[in-house]
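Q: Got upload-v4.csv for you, CSV, C-alpha atoms and all ligand atoms:
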```csv
chain,number,residue,atom,x,y,z
A,1,MET,CA,0.0,0.0,0.0
A,2,GLN,CA,2.9,2.3,0.7
A,3,ASN,CA,5.7,2.6,-1.7
A,4,LYS,CA,7.6,5.7,-0.4
A,5,GLU,CA,8.6,6.2,3.1
A,6,ASN,CA,11.3,7.9,5.1
A,7,LYS,CA,14.1,6.7,7.2
A,8,PHE,CA,12.7,8.1,10.3
A,9,GLY,CA,14.2,9.7,13.3
A,10,PHE,CA,13.3,13.4,13.5
A,11,PRO,CA,13.4,14.7,17.1
A,12,SER,CA,10.7,17.1,18.1
A,13,LYS,CA,10.3,19.4,21.1
A,14,ARG,CA,7.9,18.1,23.6
A,15,LYS,CA,6.4,20.1,26.4
A,16,ILE,CA,6.3,17.9,29.5
A,17,GLU,CA,2.8,17.5,30.8
A,18,PHE,CA,2.0,16.1,34.1
A,19,GLU,CA,-1.4,16.0,35.7
A,20,LEU,CA,-1.0,16.3,39.4
A,21,ASN,CA,-3.4,17.0,42.0
A,22,ILE,CA,-3.1,18.3,45.5
A,23,LYS,CA,-3.9,15.1,47.2
A,24,ILE,CA,-1.1,13.2,45.4
A,25,ILE,CA,1.3,16.1,46.0
A,26,LEU,CA,0.7,16.0,49.7
A,27,ILE,CA,1.1,12.3,49.9
A,28,CYS,CA,4.3,12.4,48.0
A,29,ALA,CA,5.6,15.3,50.0
A,30,THR,CA,5.2,13.4,53.2
A,31,VAL,CA,6.5,10.1,52.0
A,32,ILE,CA,9.3,11.2,49.7
A,33,LEU,CA,11.5,14.1,50.5
A,34,SER,CA,12.4,14.8,46.9
A,35,LEU,CA,10.9,16.2,43.8
A,36,PHE,CA,9.8,12.9,42.3
A,37,THR,CA,6.3,13.0,40.9
A,38,CYS,CA,5.0,9.8,42.5
A,39,LYS,CA,6.3,7.8,39.6
A,40,SER,CA,6.4,4.7,41.7
A,41,SER,CA,3.3,5.3,43.7
A,42,LYS,CA,1.0,2.3,43.9
A,43,SER,CA,-2.0,4.3,44.8
A,44,LYS,CA,-4.9,3.5,42.6
A,45,SER,CA,-7.5,5.7,44.3
A,46,PRO,CA,-9.5,7.4,41.6
A,47,ILE,CA,-10.2,11.1,41.9
A,48,ILE,CA,-13.8,11.8,40.8
A,49,SER,CA,-14.4,14.6,38.4
A,50,SER,CA,-17.7,15.6,37.0
A,51,THR,CA,-17.2,13.7,33.7
A,52,ARG,CA,-14.7,11.0,34.3
A,53,THR,CA,-12.7,9.2,36.9
A,54,ILE,CA,-9.0,9.8,36.8
A,55,ILE,CA,-6.4,7.2,37.7
A,56,ASN,CA,-3.0,8.4,38.9
A,57,HIS,CA,-1.4,9.2,35.5
A,58,SER,CA,2.1,9.0,36.9
A,59,ASP,CA,1.7,5.5,38.1
A,60,SER,CA,3.8,4.2,35.3
A,61,ALA,CA,4.3,0.7,36.7
A,62,PHE,CA,0.5,0.3,37.0
A,63,ILE,CA,0.0,1.4,33.4
A,64,ALA,CA,2.9,-0.7,32.1
A,65,ASN,CA,1.5,-3.8,33.8
A,66,ALA,CA,-2.0,-3.1,32.4
A,67,ILE,CA,-0.5,-2.9,28.9
A,68,GLU,CA,1.6,-6.0,29.3
A,69,SER,CA,-1.3,-8.1,30.7
A,70,LEU,CA,-3.8,-6.7,28.1
A,71,ASP,CA,-5.9,-5.3,31.0
A,72,THR,CA,-7.6,-2.9,28.6
A,73,ALA,CA,-10.2,-1.8,31.2
A,74,ASN,CA,-7.5,-0.1,33.2
A,75,LEU,CA,-5.9,1.7,30.2
A,76,PRO,CA,-6.8,5.2,29.0
A,77,LEU,CA,-8.7,5.9,25.9
A,78,ILE,CA,-6.2,7.8,23.7
A,79,THR,CA,-7.4,10.7,21.6
A,80,VAL,CA,-5.0,11.8,18.9
A,81,GLN,CA,-5.6,15.4,18.0
A,82,VAL,CA,-5.2,16.0,14.2
A,83,ASN,CA,-5.4,18.7,11.6
A,84,ILE,CA,-5.8,17.9,8.0
A,85,HIS,CA,-4.1,20.0,5.3
A,86,PHE,CA,-5.2,19.7,1.6
A,87,VAL,CA,-2.3,21.0,-0.5
A,88,GLY,CA,-2.9,21.7,-4.1
A,89,ASN,CA,-0.7,21.4,-7.1
A,90,ARG,CA,-1.1,22.3,-10.8
A,91,ASN,CA,-3.6,19.5,-11.2
A,92,GLY,CA,-6.0,21.0,-8.6
A,93,ASN,CA,-7.0,20.5,-5.0
A,94,PHE,CA,-9.9,19.6,-2.8
A,95,TYR,CA,-12.3,22.4,-1.9
A,96,PRO,CA,-14.2,23.4,1.2
A,97,GLY,CA,-17.8,22.5,0.2
A,98,LYS,CA,-21.0,22.4,2.1
A,99,ALA,CA,-22.0,19.5,4.4
A,100,SER,CA,-24.6,18.4,1.9
A,101,ASP,CA,-22.1,18.3,-1.0
A,102,GLU,CA,-21.0,14.7,-1.3
A,103,LYS,CA,-18.6,15.1,-4.1
A,104,TYR,CA,-15.4,13.3,-3.3
A,105,THR,CA,-13.4,16.4,-4.0
A,106,ASN,CA,-15.2,18.3,-1.2
A,107,GLY,CA,-12.4,18.2,1.3
A,108,LEU,CA,-14.7,18.7,4.3
A,109,PHE,CA,-16.8,15.7,3.3
A,110,TRP,CA,-13.7,13.6,2.4
A,111,SER,CA,-11.8,14.4,5.5
A,112,GLU,CA,-14.7,13.5,7.8
A,113,LYS,CA,-15.0,10.2,6.0
A,114,LEU,CA,-11.3,9.6,6.3
A,115,ILE,CA,-11.2,10.1,10.0
A,116,GLY,CA,-14.4,8.2,10.4
A,117,HIS,CA,-13.1,5.2,8.6
A,118,ALA,CA,-9.7,5.2,10.3
A,119,ASN,CA,-11.5,5.3,13.7
A,120,HIS,CA,-13.7,2.5,12.6
A,121,VAL,CA,-10.6,0.4,12.1
A,122,TRP,CA,-9.1,1.3,15.5
A,123,ARG,CA,-12.4,0.4,17.2
A,124,SER,CA,-12.7,-3.0,15.6
A,125,LEU,CA,-9.4,-4.7,14.9
A,126,GLU,CA,-9.7,-8.0,13.1
A,127,ALA,CA,-7.7,-11.3,12.9
A,128,SER,CA,-5.0,-11.9,10.3
A,129,SER,CA,-4.4,-15.5,9.3
A,130,THR,CA,-0.7,-14.8,9.1
A,131,SER,CA,-0.4,-13.9,12.8
A,132,ARG,CA,0.2,-16.4,15.6
A,133,LYS,CA,-2.0,-14.2,17.9
A,134,ASN,CA,-4.3,-11.2,17.2
A,135,TYR,CA,-5.4,-8.2,19.2
A,136,LEU,CA,-9.1,-8.1,18.5
A,137,GLY,CA,-11.6,-5.3,19.0
A,138,ASN,CA,-11.0,-1.8,20.3
A,139,ALA,CA,-7.4,-0.6,20.2
A,140,ARG,CA,-8.4,2.3,22.5
A,141,LEU,CA,-7.2,4.9,20.1
A,142,GLN,CA,-9.2,7.5,18.1
A,143,PHE,CA,-8.3,10.4,15.9
A,144,LYS,CA,-10.1,13.7,16.5
A,145,ILE,CA,-9.9,16.9,14.4
A,146,TYR,CA,-8.7,19.7,16.7
A,147,THR,CA,-9.8,23.3,16.4
A,148,GLU,CA,-9.9,26.4,18.6
A,149,SER,CA,-13.0,28.5,18.2
A,150,GLN,CA,-11.2,31.8,18.9
A,151,ASN,CA,-8.8,31.2,16.0
A,152,THR,CA,-10.3,33.2,13.2
A,153,GLU,CA,-7.7,31.8,10.7
A,154,ASP,CA,-9.2,28.3,11.3
A,155,LYS,CA,-12.2,28.7,9.0
A,156,TYR,CA,-12.9,25.1,8.6
A,157,GLN,CA,-12.3,23.8,12.1
A,158,GLY,CA,-9.0,22.0,11.8
A,159,VAL,CA,-9.2,21.3,8.0
A,160,TRP,CA,-7.0,23.6,5.9
A,161,PHE,CA,-6.8,24.3,2.2
A,162,TRP,CA,-3.5,25.5,0.7
A,163,ASP,CA,-2.5,26.2,-2.9
A,164,ASN,CA,1.0,24.7,-2.5
A,165,MET,CA,3.4,23.4,0.1
A,166,ASN,CA,5.1,26.8,0.6
A,167,GLN,CA,1.8,28.2,1.9
A,168,VAL,CA,1.2,25.5,4.6
A,169,LYS,CA,1.0,26.9,8.1
A,170,ARG,CA,0.8,24.6,11.1
A,171,TYR,CA,-1.2,26.9,13.4
A,172,TYR,CA,-1.5,24.5,16.3
A,173,GLN,CA,2.1,23.4,16.2
A,174,GLU,CA,2.7,20.6,18.7
A,175,LYS,CA,-0.9,20.3,19.7
A,176,VAL,CA,-1.8,18.3,16.6
A,177,LEU,CA,-0.7,15.5,14.3
A,178,ASN,CA,-0.6,17.2,10.9
A,179,ILE,CA,-1.9,15.1,8.1
A,180,ILE,CA,-0.7,16.5,4.8
A,181,LEU,CA,-2.7,15.5,1.7
A,182,HIS,CA,-0.4,16.4,-1.2
A,183,ASP,CA,-0.3,14.6,-4.6
A,184,THR,CA,3.1,14.2,-6.2
A,185,GLY,CA,2.2,12.0,-9.1
A,186,ARG,CA,0.8,12.6,-12.5
A,187,PRO,CA,-3.0,13.0,-13.0
A,188,LYS,CA,-4.8,9.6,-13.2
A,189,SER,CA,-1.8,7.8,-11.9
A,190,GLU,CA,-4.0,6.4,-9.1
A,191,GLN,CA,-1.3,6.5,-6.5
A,192,LEU,CA,-1.6,5.7,-2.8
A,193,SER,CA,1.4,6.1,-0.6
A,194,GLY,CA,2.4,7.7,2.7
A,195,ILE,CA,5.3,9.0,4.6
A,196,ALA,CA,5.7,9.2,8.4
A,197,CYS,CA,7.9,11.7,10.1
A,198,GLY,CA,9.6,9.1,12.2
A,199,LEU,CA,9.2,6.4,14.9
A,200,ASN,CA,9.3,8.7,17.9
A,201,MET,CA,5.9,10.2,18.4
A,202,CYS,CA,6.7,13.1,16.0
A,203,ASN,CA,3.7,14.9,14.6
A,204,GLU,CA,3.4,14.9,10.9
A,205,LEU,CA,2.6,12.4,8.1
A,206,SER,CA,1.7,12.9,4.5
A,207,LEU,CA,-0.5,10.9,2.2
A,208,ASN,CA,0.0,11.0,-1.6
A,209,GLY,CA,-2.6,10.5,-4.3
A,210,ALA,CA,-5.9,11.4,-2.6
A,211,TYR,CA,-6.9,14.3,-4.9
A,212,ASP,CA,-6.0,12.4,-8.1
A,213,ASN,CA,-8.1,9.4,-7.0
A,214,ALA,CA,-11.0,11.6,-5.8
A,215,ALA,CA,-11.1,13.8,-8.9
A,216,ASN,CA,-10.6,11.1,-11.5
A,217,GLY,CA,-12.6,8.2,-10.1
A,218,GLY,CA,-9.5,6.3,-9.0
A,219,LYS,CA,-9.9,3.1,-7.0
A,220,PHE,CA,-8.4,4.4,-3.8
A,221,GLY,CA,-11.1,6.3,-1.8
A,222,TRP,CA,-10.9,7.6,1.7
A,223,TRP,CA,-11.3,4.1,3.0
A,224,SER,CA,-7.9,3.2,1.4
A,225,PHE,CA,-6.3,6.3,2.6
A,226,ALA,CA,-7.6,5.6,6.1
A,227,GLY,CA,-5.6,2.4,6.0
A,228,THR,CA,-2.5,4.3,5.0
A,229,LEU,CA,-3.1,6.9,7.7
A,230,ASN,CA,-3.3,4.2,10.3
A,231,HIS,CA,-0.2,2.5,8.9
A,232,GLU,CA,1.9,5.7,9.0
A,233,PHE,CA,0.6,6.5,12.5
A,234,GLY,CA,1.7,3.0,13.4
A,235,HIS,CA,5.2,3.9,12.4
A,236,ILE,CA,5.0,7.1,14.4
A,237,CYS,CA,4.0,5.0,17.4
A,238,GLY,CA,7.2,2.9,17.0
A,239,LEU,CA,6.1,0.0,14.7
A,240,CYS,CA,8.2,-1.3,11.9
A,241,HIS,CA,6.8,-3.2,8.9
A,242,ALA,CA,5.4,-6.6,9.6
A,243,PHE,CA,7.8,-8.1,7.1
A,244,TYR,CA,10.9,-6.4,8.6
A,245,CYS,CA,13.6,-9.0,9.4
A,246,ASP,CA,14.3,-7.5,12.9
A,247,ASN,CA,10.7,-6.7,13.8
A,248,GLU,CA,10.4,-6.7,17.6
A,249,CYS,CA,7.4,-8.9,17.5
A,250,LYS,CA,9.0,-11.5,15.2
A,251,ASP,CA,8.7,-15.0,16.7
A,252,ILE,CA,6.6,-13.6,19.5
A,253,ASP,CA,3.3,-13.4,17.6
A,254,LEU,CA,4.3,-12.2,14.2
A,255,ASP,CA,5.8,-14.3,11.4
A,256,ALA,CA,7.9,-12.0,9.2
A,257,ALA,CA,8.4,-14.8,6.6
A,258,LYS,CA,4.7,-15.2,6.2
A,259,GLU,CA,4.2,-11.5,6.0
A,260,CYS,CA,6.9,-11.2,3.3
A,261,HIS,CA,5.9,-14.4,1.4
A,262,THR,CA,8.6,-14.5,-1.3
A,263,ALA,CA,11.7,-14.0,0.8
A,264,PRO,CA,12.6,-14.6,4.5
A,265,CYS,CA,11.9,-11.0,5.3
A,266,PHE,CA,12.8,-7.4,4.2
A,267,ASN,CA,15.8,-5.8,5.9
A,268,ASP,CA,14.4,-2.3,6.6
A,269,CYS,CA,12.0,-1.1,9.3
A,270,GLY,CA,10.2,1.5,7.3
A,271,GLY,CA,11.8,1.9,4.0
A,272,PRO,CA,10.0,1.0,0.8
A,273,ASN,CA,9.9,-2.7,0.0
A,274,SER,CA,10.7,-2.6,-3.7
A,275,GLY,CA,9.6,-6.1,-4.7
A,276,VAL,CA,11.7,-8.1,-2.3
A,277,CYS,CA,8.5,-9.3,-0.6
A,278,LYS,CA,5.3,-10.2,-2.6
A,279,CYS,CA,3.3,-8.8,0.3
A,280,TRP,CA,0.0,-8.4,-1.6
A,281,ASP,CA,-0.2,-12.2,-2.0
A,282,THR,CA,0.3,-13.1,1.6
A,283,GLY,CA,-3.3,-12.9,2.7
A,284,THR,CA,-2.2,-10.8,5.6
A,285,LYS,CA,-4.5,-8.1,7.1
A,286,ASN,CA,-1.7,-6.7,9.3
A,287,MET,CA,-1.8,-2.9,9.5
A,288,MET,CA,2.0,-2.7,9.2
A,289,GLY,CA,2.1,-4.8,6.0
A,290,TYR,CA,1.3,-3.8,2.5
A,291,ASN,CA,-2.2,-5.1,1.9
A,292,ALA,CA,-5.7,-3.9,1.1
A,293,SER,CA,-7.1,-4.6,4.5
A,294,GLY,CA,-4.8,-3.1,7.2
A,295,THR,CA,-7.2,-4.1,10.0
A,296,ALA,CA,-5.0,-6.3,12.2
A,297,LEU,CA,-2.4,-6.0,14.8
A,298,THR,CA,-0.8,-8.6,17.0
A,299,PRO,CA,-0.8,-8.2,20.7
A,300,CYS,CA,2.9,-7.5,20.7
A,301,GLN,CA,2.4,-4.7,18.1
A,302,TRP,CA,-0.4,-3.2,20.0
A,303,LYS,CA,1.6,-3.2,23.2
A,304,ILE,CA,4.5,-1.3,21.6
A,305,MET,CA,2.0,1.3,20.3
A,306,MET,CA,0.2,1.6,23.6
A,307,ARG,CA,3.4,1.9,25.6
A,308,ASN,CA,4.6,4.8,23.4
A,309,LEU,CA,1.2,6.5,23.5
A,310,CYS,CA,0.7,6.2,27.2
A,311,PHE,CA,4.2,7.4,28.1
A,312,SER,CA,4.5,10.0,25.4
A,313,LYS,CA,4.9,13.6,26.3
A,314,ALA,CA,3.6,14.7,22.9
A,315,GLU,CA,1.0,17.4,23.3
A,316,TYR,CA,-1.3,15.9,20.6
A,317,ILE,CA,-1.8,12.7,22.5
A,318,ILE,CA,-4.6,13.1,25.0
A,319,LYS,CA,-5.1,10.3,27.6
A,320,ASN,CA,-8.5,9.9,29.0
A,321,PHE,CA,-8.3,7.7,32.1
A,322,ARG,CA,-11.5,6.0,33.4
A,323,SER,CA,-12.4,4.1,36.4
A,324,PRO,CA,-12.1,0.3,35.8
A,325,LYS,CA,-15.6,0.1,37.3
A,326,ASN,CA,-17.1,2.3,34.6
B,401,ZN,ZN,5.3,1.7,6.1
```
Step by step, read the file and then write its structure as structure tokens.
Ligand SMILES: [Zn+2]

A:
Amino acid sequence: MQNKENKFGFPSKRKIEFELNIKIILICATVILSLFTCKSSKSKSPIISSTRTIINHSDSAFIANAIESLDTANLPLITVQVNIHFVGNRNGNFYPGKASDEKYTNGLFWSEKLIGHANHVWRSLEASSTSRKNYLGNARLQFKIYTESQNTEDKYQGVWFWDNMNQVKRYYQEKVLNIILHDTGRPKSEQLSGIACGLNMCNELSLNGAYDNAANGGKFGWWSFAGTLNHEFGHICGLCHAFYCDNECKDIDLDAAKECHTAPCFNDCGGPNSGVCKCWDTGTKNMMGYNASGTALTPCQWKIMMRNLCFSKAEYIIKNFRSPKN
């Protein structure tokens, strides 16, 4: 599905965010005469707020254990704040149409469908016949388009339209994952590819070919680009390709040889697999492979993602903790 990707590794500034409360501070102050932030606290007493129950965010051992044991009820729901940028070229661009306008080139219509489909996949992960084990159901991760009502420049609530790449402004900076829709191919070339900024919770990815497919009746609709979006975000959350020789999950619950099919594996985490593997014939549904489905993750893959999401300081990652009793 993806044929052009980067080599990763762009550091990005992160504002450290801690959610403390007075109760925890007092307990810590009396128990520990230091400036540690209760990192090792075993307190699981929830603090009731009007809308949700908050578990001690800094209890990293508790969270890590919940991830490791697939104790999903004790994990946060992750919201990934995104902005979408439609960037034109000489062939044209998406436009900001009305809600009732269901033309595929209406960027507001298309982007809503893109996010809706991507979220559908995260909510309902499926099994892949190539995996030894599968993580099924809700990945506890959702994209949400971010906007600020007082920002008068943000006319379309987190969806932006630019004539070219030089115009692109990232108004919300580190608060959002920027999804750049920018075609680089010829008209009617029916491309579908993506690039992630890295493996380290950086905050930009780009998708190529969306306008060309939307404008010219190409076979790749928003549902296909949703798969590519999820795949690229998987990279950002630390995942390598399923067919990568040194995949962390290889021989745990992932079979790199099965994912690759025509070779033992491919020796690059995120680089383009230029025909070494015949991935499309494997029958895999793995999100980090090249296939038309992209609806499966193994438990090991999900744990890597969730560890990086839960312990990330990235501003665009919002963690909503709930009481296990809810
Ligand atoms: Zn990839």

Q: Quick check, in Å to one decimal: how far apart do atom CA of Leu136 of chain A and atom CA of Leu297 of chain A lie?

A: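 So the answer is 7.9 Å.
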
Q: In Å, with one decimal, what is the gap from atom CA of His85 of chain A to atom CA of Gln142 of chain A?

A: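 Interatomic distance here is 18.6 Å.
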
Q: When you draw a straight line from atom CA of Ser129 of chain A to atom CA of Thr262 of chain A, how long is it in Å?

A: 16.8 Å

Q: Determine, counting all atoms listed in the file, which protein, DNA and RNA residues have an atom within 12 Å of an atom of Ser100 of chain A; residues of the same chain fewer than 4 positions away are not included. Present the result as a list in words.

A: Pro96, Tyr104, Asn106, Leu108, Phe109 and Trp110 of chain A

Q: Around the point (0.5, 12.5, 4.3) in the file's coordinates, collect all residues with an atom within 12 Å, using all atoms listed in the file, and return them as a VMD selection string.

A: chain A and resid 2 4 to 6 82 to 87 177 to 184 192 to 197 203 to 211 225 to 233
